[in-house]
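Enquirer: If you scroll down you'll find the structure; I have some questions about it.
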Amino acid sequence: MTNSKDNIRKLMEMLDNPDAYSEQEIRDIIGQDEDTQETYRMMVEIKRSSRRSQNGHPIDVDAAWKRFEQTHYQRRHSNVWMKVAAGFVGVLFVSGISFAAISAVKHYNERKQVEQQTGQETVISTNTGTTESEASDNQLVVFTNTKLEQILSEVAAYYGVKVEYKNADVRDLRFYYEWNRKAGVESVTDDLNRFAKVNITLNNKKITVE
Amino acid sequence: MLDKRILERLFRQNYSGMIRLARTILGNDGEAEDVVQDVFVRVMENSTTEPTAAYLYASVKYGCINVIRQKRVHEQVKELLPVEVEIDLQPVERQTDKLDQITAFVDECIKDPHRTIFHMRFDDDLTVSEIAKRMEINPNTTYKYLMQCIGQIRHFFNNADVKF
């Protein structure tokens with residue numbers, strides 16, 4: 001039986017040339033014993049402290065805000081006008097049913113007001129982690145360290161859609177995700193698609209994971 | 001959707017700190033910027049009231065964890081990122097305090113040649129054989145010195161009986 005000192009030496013040798021090892025070998029070396037695991041954790045923190053102390057150069061917040069504004073507000077603004085324009089054209093063509101549409105919108109707004117009155121400050125924490133979220137949205141569900149499979153099963157049940165996995169490997173990927181139930185199933189699939197390795201489509205009330 | 005003026009104020013007040021945190025965790029400027037921008041996009045789209053700074057920083061931390069989880073093990077170890085990512089529930093401030101304490105401990109308590117070797121490994125990302133060549137010492141001695149440095153830091157923080 002090798003001692004902890006030898007195991008830590010193996011860890012350091014592996015870190016100098018990880019490409020010479022398989023994924024399993026790397027995991028085995030790091031997980032050999034508690035001491036080696038703790039040494040790797042400490043090396044991660046030491047590396048972070050090194051990055052932090054080398055990370056002092058000034059950050060151009062003004063330029064970052066302009067980039068953000070350009071990317072997210074201007075696009076959103078043009079989308080809103082497109083929607084308004086489309087809605088206006090729609091009203092011209094379907095004026096015969098406009099009364100019904102107005103009634104439906106009114107009904108939706110009334111329902112939304114009731115939901116807002118009753119559903120304030122609902123934060124639901126799921127799975128293993130205690131959430132640090134101090135979110136103030138209605139109906140916000142925070143998944144902490146949660147498998148994609150579980151996230152999707154809850155999302156699908158809530159919106160009444162089905163889930164099909166064409167790629168089973170992604171079921172076990174774990175994520176931190178803040179689900180705003182008000183946002184709609186399309187918004188959830190858009191959000192999840194932002195994660196690399198996740199490719200989700202939504203068609204005919206079915207979420208397909210590829 | 002959060003009022004644009006509130007979001008801009010939040011962005012200007014917190015962006016630098018959030019980017020520094022993401023760079024510290026990930027070590028990659030592009031990934032760090034993506035994480036922070038994503039946090040503000042979510043706040044813009046989903047918040048109706050102003051979130052606290054603690055919430056923004058915690059969101060950055062979790063965003064970084066998601067990025068790390070999606071990397072291959074080889075990438076994780078090359079960049080000295082956590083392999084089995086556990087959710088650290090300590091407040092972000094306490095975690096960054098610890099990082100500053102590590103830096104202070106190395107500066108004050110670790111003497112040369114150990115300190116030079118330590119900085120070559122963790123600041124300059126040199127391998128043990130590269131360090132040994134530069135320092136003109138035996139690779140075995142280099143390993144020993146590095147392990148001693150890490151052991152001293154662990155001992156300082158854990159107060160454990162760790163000797164190499």
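The way I read the labels, and the way they are meant: chains A, B, ... in the order of the structure tokens, residue 1 as the first residue of every chain, and ligand 1 as the first ligand shown, with later ones counted on from there.
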Which polymer residues have any atom within 10 Å of an atom of region 132-147 of chain B, counting only C-alpha atoms, with same-chain residues fewer than 2 positions away left out, as number ranges by chain?
Expert: A: 5, 8-9, 12-13, 39; B: 112-121, 126-130, 149-153, 163-164
Enquirer: Can you list every residue of chain B that has an atom at most 8 Å from chain A, with its nearest atom pair and the distance in Å to one decimal, using only C-alpha atoms, ordered by chain then number, as a tab-separated table?
Expert:
residue	atom	partner	partner_atom	distance
B:Glu8	CA	A:Trp65	CA	7.4
B:Phe11	CA	A:Trp65	CA	7.1
B:Arg12	CA	A:Val61	CA	6.3
B:Tyr15	CA	A:Val61	CA	6.7
B:Ser16	CA	A:Ile59	CA	6.1
B:Arg20	CA	A:Asn55	CA	6.8
B:Leu21	CA	A:Arg52	CA	7.9
B:Arg23	CA	A:Arg51	CA	7.4
B:Thr24	CA	A:Arg52	CA	5.2
B:Ile25	CA	A:Arg48	CA	6.1
B:Gly27	CA	A:Arg51	CA	6.6
B:Gln37	CA	A:Phe68	CA	7.2
B:Val41	CA	A:His72	CA	7.6
B:Asn46	CA	A:Asn180	CA	6.9
B:Ser47	CA	A:Asp137	CA	5.7
B:Thr48	CA	A:Asp137	CA	6.3
B:Thr49	CA	A:Ser136	CA	6.4
B:Pro51	CA	A:Ala135	CA	6.6
B:Thr52	CA	A:Glu134	CA	7.4
B:Tyr55	CA	A:Ser133	CA	5.8
B:Ala58	CA	A:Glu132	CA	6.6
B:Ser59	CA	A:Ser133	CA	7.9
B:Tyr62	CA	A:Tyr176	CA	6.1
B:Gly63	CA	A:Tyr176	CA	7.2
B:Ile65	CA	A:Tyr176	CA	7.9
B:Asn66	CA	A:Phe175	CA	5.8
B:Val67	CA	A:Phe195	CA	7.9
B:Arg69	CA	A:Arg174	CA	7.5
B:Gln70	CA	A:Ala196	CA	6.8
B:Val73	CA	A:Glu23	CA	6.2
B:His74	CA	A:Pro18	CA	6.2
B:Val77	CA	A:Leu15	CA	6.5
B:Lys78	CA	A:Leu15	CA	6.7
B:Leu80	CA	A:Val44	CA	5.3
B:Leu81	CA	A:Val44	CA	5.8
B:Pro82	CA	A:Val44	CA	6.4
B:Val83	CA	A:Arg27	CA	8.0
B:Ile87	CA	A:Gly129	CA	7.1
B:Leu89	CA	A:Thr130	CA	7.5
B:Leu99	CA	A:Ser49	CA	4.5
B:Asp100	CA	A:Ser49	CA	6.4
B:Ile102	CA	A:Ser49	CA	6.6
B:Thr103	CA	A:Ser49	CA	6.2
B:Phe122	CA	A:Lys47	CA	5.7
B:Asp123	CA	A:Ser50	CA	5.8
B:Thr127	CA	A:Asp16	CA	5.3
B:Val128	CA	A:Asp16	CA	6.9
B:Tyr143	CA	A:Arg9	CA	7.3
B:Met147	CA	A:Ile8	CA	8.0
B:Ile150	CA	A:Thr39	CA	7.3
B:Gly151	CA	A:Thr39	CA	8.0
B:Arg154	CA	A:Met42	CA	6.9
B:Phe164	CA	A:Lys5	CA	6.3
Enquirer: Any idea what the distance is between CA of Lys61 (chain B) and CA of Lys147 (chain A)?
Expert: 18.1 Å
